[in-house]
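K.L.:
If it helps, the file is called data-v6.cif and holds mmCIF, C-alpha atoms:
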data_my_file
#
loop_
_atom_site.label_atom_id
_atom_site.label_comp_id
_atom_site.auth_asym_id
_atom_site.auth_seq_id
_atom_site.Cartn_x
_atom_site.Cartn_y
_atom_site.Cartn_z
CA MET A 1 26.25 49.52 -6.70
CA LYS A 2 23.56 48.89 -4.15
CA ARG A 3 22.33 52.44 -4.46
CA LEU A 4 22.14 52.04 -8.23
CA LEU A 5 20.11 48.86 -7.85
CA ILE A 6 17.67 50.58 -5.51
CA ALA A 7 17.24 53.43 -7.94
CA CYS A 8 16.54 51.01 -10.77
CA SER A 9 13.97 49.12 -8.74
CA THR A 10 12.21 52.31 -7.71
CA ALA A 11 11.93 53.33 -11.35
CA ALA A 12 10.52 49.92 -12.17
CA ILE A 13 7.82 50.27 -9.55
CA GLY A 14 6.87 53.57 -11.14
CA VAL A 15 6.36 51.83 -14.47
CA ALA A 16 4.25 49.20 -12.75
CA SER A 17 1.76 51.75 -11.55
CA THR A 18 0.66 52.23 -15.17
CA LEU A 19 0.07 48.52 -15.71
CA HIS A 20 -3.44 47.13 -15.64
CA ILE A 21 -3.26 43.61 -14.32
CA SER A 22 -5.79 40.92 -15.20
CA ALA A 23 -6.17 37.42 -13.88
CA HIS A 24 -5.15 35.65 -17.05
CA HIS A 25 -3.39 38.30 -19.07
CA SER A 26 -2.57 41.96 -19.04
CA PHE A 27 -5.41 44.34 -19.91
CA THR A 28 -2.90 46.87 -21.17
CA ALA A 29 -1.33 44.42 -23.60
CA GLU A 30 -4.59 44.03 -25.49
CA TYR A 31 -6.93 46.95 -24.82
CA ASP A 32 -6.70 50.73 -24.82
CA ILE A 33 -8.08 52.53 -21.77
CA LYS A 34 -8.25 55.66 -23.93
CA LYS A 35 -10.53 53.96 -26.42
CA PRO A 36 -13.98 53.61 -24.79
CA ILE A 37 -16.56 51.99 -27.05
CA SER A 38 -20.34 51.86 -26.94
CA MET A 39 -22.60 49.98 -29.31
CA THR A 40 -25.93 48.27 -29.72
CA GLY A 41 -26.27 44.94 -31.48
CA THR A 42 -27.73 41.45 -31.59
CA VAL A 43 -25.86 38.58 -29.98
CA THR A 44 -24.81 36.08 -32.65
CA SER A 45 -22.96 33.60 -30.40
CA VAL A 46 -21.64 33.13 -26.87
CA GLU A 47 -18.47 31.19 -26.02
CA TRP A 48 -18.90 30.14 -22.39
CA GLN A 49 -15.34 28.89 -22.03
CA ASN A 50 -12.11 29.58 -20.13
CA PRO A 51 -9.95 31.52 -19.85
CA HIS A 52 -12.46 34.18 -20.91
CA THR A 53 -16.07 34.27 -21.97
CA TRP A 54 -16.55 35.83 -25.41
CA PHE A 55 -19.73 36.92 -27.11
CA TYR A 56 -20.26 38.26 -30.59
CA ILE A 57 -22.75 40.88 -31.73
CA ASP A 58 -23.91 42.15 -35.11
CA VAL A 59 -23.86 45.94 -35.10
CA LYS A 60 -25.64 47.89 -37.84
CA ASP A 61 -24.39 51.38 -38.74
CA ASP A 62 -26.48 54.28 -40.04
CA ALA A 63 -25.99 53.10 -43.63
CA GLY A 64 -27.27 49.65 -42.80
CA ASN A 65 -23.87 47.93 -42.95
CA VAL A 66 -23.51 45.11 -40.42
CA THR A 67 -20.26 44.48 -38.58
CA ASN A 68 -19.66 41.60 -36.20
CA TRP A 69 -17.83 42.50 -32.98
CA GLY A 70 -16.18 40.12 -30.52
CA MET A 71 -16.50 41.17 -26.88
CA GLU A 72 -14.47 39.69 -24.06
CA LEU A 73 -15.73 39.10 -20.51
CA ALA A 74 -14.23 37.58 -17.38
CA SER A 75 -13.86 33.81 -17.14
CA PRO A 76 -17.09 31.83 -16.91
CA ASN A 77 -15.87 30.67 -13.49
CA LEU A 78 -15.79 34.24 -12.22
CA LEU A 79 -19.08 35.14 -13.87
CA VAL A 80 -20.92 32.15 -12.39
CA ARG A 81 -19.61 33.09 -8.95
CA ASN A 82 -21.09 36.54 -9.47
CA GLY A 83 -24.60 35.50 -10.31
CA TRP A 84 -24.39 34.67 -14.01
CA THR A 85 -25.58 31.43 -15.55
CA LYS A 86 -24.64 30.17 -18.99
CA SER A 87 -28.04 31.34 -20.24
CA THR A 88 -27.84 34.87 -18.81
CA LEU A 89 -26.71 36.13 -22.23
CA LYS A 90 -28.16 34.32 -25.23
CA THR A 91 -27.92 34.31 -28.99
CA GLY A 92 -30.59 36.66 -30.32
CA ASP A 93 -30.51 39.08 -27.36
CA LEU A 94 -30.46 42.75 -28.38
CA VAL A 95 -27.89 44.42 -26.13
CA ASP A 96 -26.25 47.74 -25.36
CA VAL A 97 -22.57 47.20 -24.68
CA GLU A 98 -19.98 49.55 -23.20
CA GLY A 99 -16.32 48.77 -22.85
CA TYR A 100 -12.86 49.39 -24.27
CA GLY A 101 -11.53 48.75 -27.76
CA ALA A 102 -8.48 46.75 -28.73
CA LYS A 103 -5.16 48.39 -29.45
CA ASN A 104 -4.86 46.44 -32.71
CA GLY A 105 -7.85 48.27 -34.17
CA LYS A 106 -9.83 45.15 -34.92
CA ASN A 107 -13.50 44.74 -34.05
CA ILE A 108 -12.91 43.37 -30.59
CA GLY A 109 -13.39 44.86 -27.16
CA ASN A 110 -13.49 44.25 -23.44
CA ALA A 111 -17.14 44.56 -22.44
CA ARG A 112 -17.65 46.27 -19.10
CA THR A 113 -21.40 46.59 -18.95
CA ILE A 114 -24.16 44.94 -20.96
CA VAL A 115 -27.83 45.88 -20.91
CA ILE A 116 -30.28 43.35 -22.32
CA LYS A 117 -32.77 45.66 -23.94
CA ALA A 118 -35.78 43.33 -23.70
CA THR A 119 -35.61 43.17 -19.92
CA GLY A 120 -33.42 46.10 -18.90
CA GLN A 121 -31.17 43.65 -17.10
CA ARG A 122 -27.74 45.23 -16.56
CA LEU A 123 -24.79 42.87 -16.46
CA VAL A 124 -21.19 43.51 -15.56
CA ALA A 125 -18.09 41.64 -16.60
CA GLY A 126 -16.84 41.22 -13.06
CA SER A 127 -17.98 42.30 -9.65
CA SER A 128 -17.95 46.08 -9.90
CA ALA A 129 -19.80 47.77 -12.73
CA GLY A 130 -18.53 50.61 -14.73
CA SER A 131 -15.31 51.64 -13.03
CA ALA A 132 -12.16 52.18 -15.04
CA PRO A 133 -9.54 49.44 -15.21
CA MET B 134 -39.06 51.76 -16.88
CA ARG B 135 -40.22 50.24 -13.62
CA ILE B 136 -39.55 46.79 -15.05
CA ALA B 137 -36.07 47.84 -16.11
CA SER B 138 -35.29 49.22 -12.66
CA ALA B 139 -36.50 46.07 -10.96
CA ALA B 140 -34.39 43.94 -13.26
CA ALA B 141 -31.35 46.06 -12.59
CA ALA B 142 -31.88 45.68 -8.86
CA THR B 143 -32.18 41.95 -9.26
CA ILE B 144 -28.89 41.55 -11.04
CA SER B 145 -27.19 43.84 -8.52
CA LEU B 146 -28.31 41.53 -5.76
CA ALA B 147 -27.10 38.55 -7.69
CA LEU B 148 -23.73 40.18 -8.17
CA ALA B 149 -23.46 40.85 -4.45
CA MET B 150 -23.61 37.11 -3.82
CA HIS B 151 -20.30 35.42 -3.34
CA ALA B 152 -18.76 32.30 -4.73
CA SER B 153 -20.85 30.29 -2.33
CA ALA B 154 -24.00 30.75 -4.36
CA GLN B 155 -23.42 27.74 -6.54
CA TRP B 156 -23.24 24.86 -4.11
CA GLN B 157 -25.22 25.86 -1.05
CA LYS B 158 -26.68 22.42 -0.68
CA VAL B 159 -23.25 20.85 -0.06
CA PRO B 160 -21.73 22.79 2.86
CA ASP B 161 -18.28 22.13 4.26
CA LYS B 162 -18.95 19.80 7.20
CA ASN B 163 -15.75 21.00 8.87
CA VAL B 164 -17.43 24.29 9.78
CA PRO B 165 -20.29 24.54 12.31
CA ILE B 166 -23.56 25.99 11.09
CA GLU B 167 -25.02 28.64 13.38
CA ALA B 168 -28.25 30.52 12.67
CA GLY B 169 -28.31 28.85 9.29
CA LYS B 170 -24.88 30.11 8.24
CA PRO B 171 -21.36 28.70 8.47
CA ASN B 172 -19.61 30.24 11.46
CA LEU B 173 -16.28 31.32 10.03
CA ALA B 174 -15.14 32.54 13.46
CA ALA B 175 -15.54 29.09 15.02
CA ARG B 176 -12.50 27.21 16.26
CA ALA B 177 -10.38 25.71 13.53
CA PRO B 178 -11.09 22.02 13.01
CA ARG B 179 -8.43 19.57 14.12
CA VAL B 180 -7.43 16.10 13.04
CA ASN B 181 -8.00 13.62 15.88
CA ARG B 182 -7.32 16.40 18.41
CA SER B 183 -3.86 16.73 16.95
CA THR B 184 -2.86 19.14 14.20
CA PRO B 185 -5.21 21.67 12.65
CA ASP B 186 -7.07 20.41 9.62
CA LEU B 187 -6.35 22.82 6.78
CA SER B 188 -8.77 21.06 4.43
CA GLY B 189 -11.27 23.21 2.61
CA VAL B 190 -11.83 25.48 -0.37
CA TRP B 191 -9.90 28.72 0.02
CA PHE B 192 -9.85 32.01 -1.86
CA PRO B 193 -7.13 34.66 -1.43
CA ASP B 194 -8.49 37.89 0.01
CA PRO B 195 -8.58 40.97 -2.20
CA ASP B 196 -6.12 43.74 -1.38
CA PRO B 197 -7.81 45.80 1.36
CA ASN B 198 -6.30 48.90 -0.23
CA GLY B 199 -6.99 47.83 -3.80
CA LYS B 200 -9.44 49.14 -6.37
CA PRO B 201 -11.42 47.19 -8.96
CA GLY B 202 -9.23 46.67 -11.97
CA GLY B 203 -8.22 44.64 -14.93
CA LEU B 204 -10.41 43.07 -17.52
CA GLU B 205 -12.48 41.41 -14.81
CA GLN B 206 -13.12 44.55 -12.74
CA ILE B 207 -12.29 42.84 -9.47
CA VAL B 208 -9.99 43.80 -6.63
CA PHE B 209 -7.04 41.47 -6.97
CA PRO B 210 -5.16 39.92 -4.07
CA ARG B 211 -2.34 42.23 -3.02
CA TYR B 212 0.48 39.75 -3.65
CA PHE B 213 -0.98 38.52 -6.91
CA VAL B 214 -0.04 41.95 -8.19
CA ASN B 215 3.20 42.56 -6.29
CA VAL B 216 4.99 40.26 -3.85
CA THR B 217 7.00 43.23 -2.52
CA ALA B 218 3.90 45.37 -1.88
CA ASP B 219 4.59 45.59 1.85
CA TYR B 220 8.07 47.01 1.32
CA GLN B 221 9.12 50.51 0.46
CA PRO B 222 10.01 50.83 -3.23
CA GLY B 223 13.59 49.71 -3.64
CA ALA B 224 13.78 47.97 -0.28
CA VAL B 225 13.78 44.57 -1.97
CA VAL B 226 17.00 44.75 -3.94
CA LEU B 227 17.33 42.65 -7.05
CA GLN B 228 20.58 41.25 -8.36
CA PRO B 229 21.62 42.99 -11.59
CA GLU B 230 20.53 40.25 -13.99
CA ALA B 231 17.21 39.76 -12.20
CA ASP B 232 16.65 43.50 -12.15
CA ALA B 233 17.13 43.63 -15.92
CA THR B 234 14.66 40.78 -16.36
CA PHE B 235 12.15 42.50 -14.10
CA LYS B 236 12.37 45.77 -15.99
CA LYS B 237 12.04 44.00 -19.32
CA ARG B 238 8.88 42.27 -18.11
CA LEU B 239 7.40 45.53 -16.86
CA ALA B 240 8.17 47.25 -20.14
CA SER B 241 6.38 44.49 -22.04
CA GLU B 242 3.07 45.52 -20.42
CA GLY B 243 2.66 41.96 -19.22
CA LYS B 244 2.67 40.46 -22.72
CA ASP B 245 5.19 37.84 -21.65
CA GLN B 246 3.25 36.75 -18.55
CA PRO B 247 3.24 32.92 -18.68
CA ALA B 248 -0.44 32.69 -17.74
CA ALA B 249 -1.35 34.54 -20.92
CA TYR B 250 0.10 31.59 -22.84
CA CYS B 251 -1.75 29.12 -20.61
CA LYS B 252 1.43 28.18 -18.80
CA PRO B 253 1.16 27.49 -15.06
CA ASP B 254 1.14 30.23 -12.46
CA GLY B 255 3.75 28.27 -10.55
CA ALA B 256 4.25 28.25 -6.79
CA PRO B 257 4.01 30.23 -4.65
CA ALA B 258 2.30 32.79 -6.93
CA ILE B 259 -0.63 30.44 -7.45
CA ASN B 260 -1.60 30.83 -3.77
CA SER B 261 -2.48 34.45 -4.52
CA ALA B 262 -4.11 33.95 -7.93
CA PRO B 263 -7.75 35.10 -7.97
CA LEU B 264 -9.16 31.59 -8.24
CA PRO B 265 -9.98 29.18 -5.43
CA PHE B 266 -8.01 26.13 -4.41
CA LYS B 267 -8.82 23.12 -2.28
CA ILE B 268 -6.52 21.71 0.41
CA VAL B 269 -6.91 17.98 1.00
CA GLN B 270 -5.00 17.00 4.14
CA THR B 271 -3.92 13.48 5.02
CA PRO B 272 -1.33 12.47 7.65
CA LYS B 273 1.53 11.89 5.20
CA LEU B 274 0.51 14.01 2.23
CA VAL B 275 -1.17 17.38 1.76
CA MET B 276 -2.59 17.91 -1.69
CA ILE B 277 -3.53 21.32 -3.02
CA LEU B 278 -5.91 21.28 -5.96
CA TYR B 279 -5.82 24.60 -7.76
CA GLU B 280 -8.63 25.76 -10.00
CA SER B 281 -6.14 27.86 -11.93
CA ASN B 282 -5.21 25.68 -14.90
CA THR B 283 -6.71 22.71 -13.02
CA ASP B 284 -3.28 22.29 -11.46
CA PHE B 285 -2.03 20.59 -8.30
CA ARG B 286 0.74 20.44 -5.71
CA GLN B 287 1.87 17.60 -3.49
CA ILE B 288 3.43 18.34 -0.10
CA PHE B 289 5.08 15.27 1.36
CA LEU B 290 4.92 14.92 5.15
CA ASP B 291 6.42 11.43 5.34
CA GLY B 292 9.83 12.57 6.50
CA ARG B 293 11.54 12.31 3.15
CA LYS B 294 14.40 14.64 2.29
CA PRO B 295 14.12 17.06 -0.62
CA VAL B 296 15.13 15.40 -3.88
CA GLU B 297 18.74 16.06 -4.84
CA ASP B 298 19.07 17.71 -8.24
CA PRO B 299 15.31 17.64 -8.88
CA LEU B 300 13.73 18.14 -12.26
CA PRO B 301 12.85 21.82 -12.61
CA ARG B 302 9.14 22.30 -11.94
CA TRP B 303 6.71 25.21 -12.02
CA MET B 304 5.47 24.11 -8.59
CA GLY B 305 8.83 22.94 -7.25
CA TYR B 306 9.25 19.92 -4.99
CA SER B 307 7.62 20.35 -1.58
CA THR B 308 8.22 18.66 1.76
CA GLY B 309 6.43 19.67 4.93
CA ARG B 310 6.36 19.26 8.69
CA TRP B 311 4.19 20.46 11.54
CA ASP B 312 5.64 23.04 13.92
CA GLY B 313 2.91 23.23 16.55
CA ASP B 314 -0.19 24.44 14.74
CA THR B 315 1.80 25.64 11.72
CA LEU B 316 2.40 23.57 8.61
CA VAL B 317 5.88 24.52 7.39
CA VAL B 318 6.48 23.74 3.72
CA ASP B 319 9.91 23.82 2.09
CA THR B 320 9.97 23.96 -1.69
CA VAL B 321 12.96 23.82 -4.03
CA GLY B 322 13.58 22.66 -7.59
CA PHE B 323 11.87 25.44 -9.53
CA VAL B 324 12.13 26.36 -13.17
CA ASP B 325 14.13 29.56 -13.59
CA HIS B 326 11.48 31.56 -15.45
CA LEU B 327 8.68 32.02 -12.91
CA TRP B 328 6.73 35.21 -12.53
CA LEU B 329 6.35 35.57 -8.76
CA ASP B 330 3.52 38.05 -9.40
CA ALA B 331 1.74 39.82 -12.24
CA MET B 332 4.41 42.52 -12.29
CA GLY B 333 6.96 39.91 -13.21
CA HIS B 334 9.27 39.61 -10.20
CA PRO B 335 11.69 36.93 -11.40
CA ASN B 336 13.47 33.95 -9.87
CA THR B 337 16.45 31.73 -10.52
CA SER B 338 16.92 28.00 -10.00
CA GLN B 339 18.31 28.87 -6.55
CA LEU B 340 14.82 29.78 -5.35
CA HIS B 341 13.93 28.28 -1.98
CA VAL B 342 10.42 28.99 -0.74
CA VAL B 343 9.23 28.48 2.83
CA GLU B 344 5.48 28.68 3.35
CA ARG B 345 3.92 28.67 6.81
CA PHE B 346 0.25 27.69 6.68
CA ARG B 347 -1.85 28.68 9.69
CA ARG B 348 -5.60 28.34 10.27
CA PRO B 349 -6.40 30.71 13.16
CA ASP B 350 -10.11 29.87 13.02
CA ALA B 351 -12.50 27.85 10.91
CA GLY B 352 -12.90 30.46 8.23
CA HIS B 353 -9.42 31.87 7.74
CA LEU B 354 -6.02 30.78 6.53
CA THR B 355 -2.74 32.65 6.26
CA ILE B 356 0.27 31.65 4.21
CA GLU B 357 3.45 33.39 5.34
CA THR B 358 5.76 33.06 2.38
CA THR B 359 9.50 33.68 2.42
CA ILE B 360 11.29 34.07 -0.89
CA ASP B 361 14.96 33.15 -0.54
CA ASP B 362 16.71 33.35 -3.89
CA PRO B 363 20.26 34.70 -3.69
CA GLY B 364 20.49 34.48 -7.45
CA ALA B 365 17.75 37.06 -7.87
CA TYR B 366 17.48 38.98 -4.59
CA VAL B 367 20.15 40.36 -2.27
CA LYS B 368 18.17 39.30 0.82
CA PRO B 369 15.15 37.06 1.48
CA PHE B 370 11.80 38.79 1.79
CA THR B 371 8.43 37.74 3.17
CA TYR B 372 4.77 38.38 2.55
CA THR B 373 1.66 36.90 4.17
CA GLN B 374 -1.35 36.05 2.04
CA PRO B 375 -4.67 35.94 3.95
CA LEU B 376 -7.39 33.67 2.59
CA THR B 377 -11.02 33.05 3.43
CA LEU B 378 -12.82 29.71 3.43
CA GLN B 379 -15.52 29.20 0.80
CA PRO B 380 -17.63 26.92 3.02
CA ASP B 381 -20.30 26.02 0.51
CA SER B 382 -18.42 26.32 -2.74
CA ASP B 383 -16.25 23.98 -4.75
CA LEU B 384 -13.77 24.00 -7.60
CA LEU B 385 -14.72 24.34 -11.24
CA GLU B 386 -12.77 23.19 -14.26
CA TYR B 387 -10.38 25.69 -15.79
CA TYR B 388 -8.61 24.59 -18.94
CA CYS B 389 -6.95 27.73 -20.24
CA THR B 390 -6.20 26.30 -23.66
CA GLU B 391 -9.89 25.73 -24.32
CA ASN B 392 -10.53 29.19 -25.72
CA GLU B 393 -7.38 31.29 -25.31
CA LYS B 394 -7.36 34.00 -27.95
CA ASP B 395 -5.89 37.06 -26.27
CA VAL B 396 -2.30 36.56 -27.31
CA GLN B 397 -3.23 36.57 -30.99
CA HIS B 398 -4.75 40.01 -30.41
CA TYR B 399 -1.52 41.51 -29.11
CA GLN B 400 0.05 44.00 -31.45
#
What would the structure in this file look like if it were written as structure tokens?
P.N.:
Amino acid sequence: MKRLLIACSTAAIGVASTLHISAHHSFTAEYDIKKPISMTGTVTSVEWQNPHTWFYIDVKDDAGNVTNWGMELASPNLLVRNGWTKSTLKTGDLVDVEGYGAKNGKNIGNARTIVIKATGQRLVAGSSAGSAP
Amino acid sequence: MRIASAAAATISLALAMHASAQWQKVPDKNVPIEAGKPNLAARAPRVNRSTPDLSGVWFPDPDPNGKPGGLEQIVFPRYFVNVTADYQPGAVVLQPEADATFKKRLASEGKDQPAAYCKPDGAPAINSAPLPFKIVQTPKLVMILYESNTDFRQIFLDGRKPVEDPLPRWMGYSTGRWDGDTLVVDTVGFVDHLWLDAMGHPNTSQLHVVERFRRPDAGHLTIETTIDDPGAYVKPFTYTQPLTLQPDSDLLEYYCTENEKDVQHYQ
């Protein structure tokens, strides 16, 4: 019986290695690491609130159709401890955003890097830019 | 292009700054300043030349073997991810029912993690959560103010016995005593649906936690934590969370329900 339990636990650890932990919730439960996204748009609003900062951008496609995307960042508490202020990203900013799309297919994503085009300022969601989750 | 490069360098510098950047004008007076900086290697402060003073703002150290991960792209504390990380896989043997619960949680990709629903982290997991906490030490009561969910614990040092048949609590019911320079904290009376880590190691109402708080110098704290839960684990197991003082930082508010919208995005 003990041997069986050990085998089960070992298998469970193997499953865990594929999990992507986040501070507040699982990355894997919401986003798809195999779905990188990249877009340019204008910030329409910023929600500087816990548990996660969200910002929204209007993205225009080649046909001129505008779609609003919601992009998730780390908590404002983590961002402010990494050099952000609540005015680092503002409504009206034109930004390049890279990140990962949601598994549910809706227009939401986890932003990893943001470049404010007017200044070239490159922002990251946490403390280490660009690496995979 | 030159402007863009300069701006990029500026934000990189800003990102290299630590939590301390926000409150540099209000340093922790418990830590000596040398050459303009808090000396984290100084001797640990003491209370009236008696016990160590554990007071201060603390942050659990990232896993020295970890890689940036998660939505936040940070290196998480080792035991925030896995309280059995120091053991060989399978060395911590779960009871059958707990093992089934653990596997179910793993298979859910973390969707059932209480924190995602703005429920408390619970003790002792909250000591390893990647948010700071503040210890406020008095002779008869140690209070721990956690930024995570703006939560708190009380550790009674007034000689009282643990409450018989306590109300189940996410933080349990804690009594403490000094053993030399170590604060030994006994906690019982937990709810039976904790996640001891982000992987989902479970517990039962039989959980008894012993935490040994030590401050080897001014800038460092360790919490040796023993999980003794015969309902969930065949034998007790132990892990030690190292933490570093944030000498010129302080807590922020964190009300998870303010803007929680991840769960509604789950498929």
K.L.:
Mind giving me the straight-line distance from CA of Pro380 in chain B to CA of Lys267 in chain B in Å, one decimal?
P.N.:
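Going from CA of Pro380 in chain B over to CA of Lys267 in chain B covers 11.0 Å.
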K.L.:
Would you list the residues near (-0.1, 15.8, 7.6) (no more than 10 Å away, in the coordinates of the file, using only C-alpha atoms) as a PyMOL selection string?
P.N.:
chain B and resi 180+184-187+269-276+288-291+309-311+316
K.L.:
What is the CA of Pro257 in chain B-CA of Gly202 in chain B distance in Å, reported with one decimal?
P.N.:
22.3 Å
K.L.:
List the residues matched by the PyMOL selection byres ((chain A and resi 37) around 9) in the displayed structure as a PDB file with C-alpha atoms, in the frame of the given file, ordered by chain and then by residue number.
P.N.:
ATOM      1  CA  LYS A  35     -10.530  53.960 -26.420  1.00  0.00           C
ATOM      2  CA  PRO A  36     -13.980  53.610 -24.790  1.00  0.00           C
ATOM      3  CA  SER A  38     -20.340  51.860 -26.940  1.00  0.00           C
ATOM      4  CA  MET A  39     -22.600  49.980 -29.310  1.00  0.00           C
ATOM      5  CA  VAL A  97     -22.570  47.200 -24.680  1.00  0.00           C
ATOM      6  CA  GLU A  98     -19.980  49.550 -23.200  1.00  0.00           C
ATOM      7  CA  GLY A  99     -16.320  48.770 -22.850  1.00  0.00           C
ATOM      8  CA  TYR A 100     -12.860  49.390 -24.270  1.00  0.00           C
ATOM      9  CA  GLY A 101     -11.530  48.750 -27.760  1.00  0.00           C
ATOM     10  CA  GLY A 109     -13.390  44.860 -27.160  1.00  0.00           C
ATOM     11  CA  ALA A 111     -17.140  44.560 -22.440  1.00  0.00           C
TER      12      ALA A 111
END
K.L.:
What does the structure give for the distance between CA of Asn107 in chain A and CA of Gly333 in chain B, in Å to one decimal?
P.N.:
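Between CA of Asn107 in chain A and CA of Gly333 in chain B the gap is 29.6 Å.
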K.L.:
Compare A:Thr53, A:Asp96, A:Glu72, A:Ile108 by their minimum atom-to-atom distance to Trp84 in chain A, counting only C-alpha atoms, and give me the closest one.
P.N.:
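Of A:Thr53, A:Asp96, A:Glu72, A:Ile108, the one nearest Trp84 in chain A, counting only C-alpha atoms, is A:Thr53.
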K.L.:
Check the smallest atom-to-atom distance from each of B:Leu354, B:Val321, B:Met332, B:Val190 to chain A using all atoms listed in the file, then report the winner.
P.N.:
B:Met332
K.L.:
Which residue is closest to Ser338 in chain B? Choose from B:Tyr388, B:Trp303, B:Tyr372, B:Phe285 and count only C-alpha atoms.
P.N.:
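Using only C-alpha atoms, Ser338 in chain B sits closest to B:Trp303.
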K.L.:
Counting only C-alpha atoms, note down every residue that has an atom within 6 Å of the point (10.8, 25.5, 5.2) (file coordinates), as number ranges by chain.
P.N.:
B: 317-319, 343
K.L.:
Name the closest residue to chain B among the candidates A:Thr67, A:Ser45, A:Ser87, A:Asn50; distances are taken between atoms, counting all atoms listed in the file.
P.N.:
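Closest candidate: A:Asn50.
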K.L.:
When you look at range 208-222 of chain B with a cut-off of 6 Å (counting all atoms listed in the file), what residues show up, excluding the ones that are within fewer than 2 positions of it in the same chain? I need them as a list of chain:residue names.
P.N.:
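Counting only the stated atoms, we get A:Thr10, B:Asp194, B:Pro195, B:Asp196, B:Gly199, B:Lys200, B:Pro201, B:Ala224, B:Ser261, B:Ala262, B:Asp330, B:Ala331.
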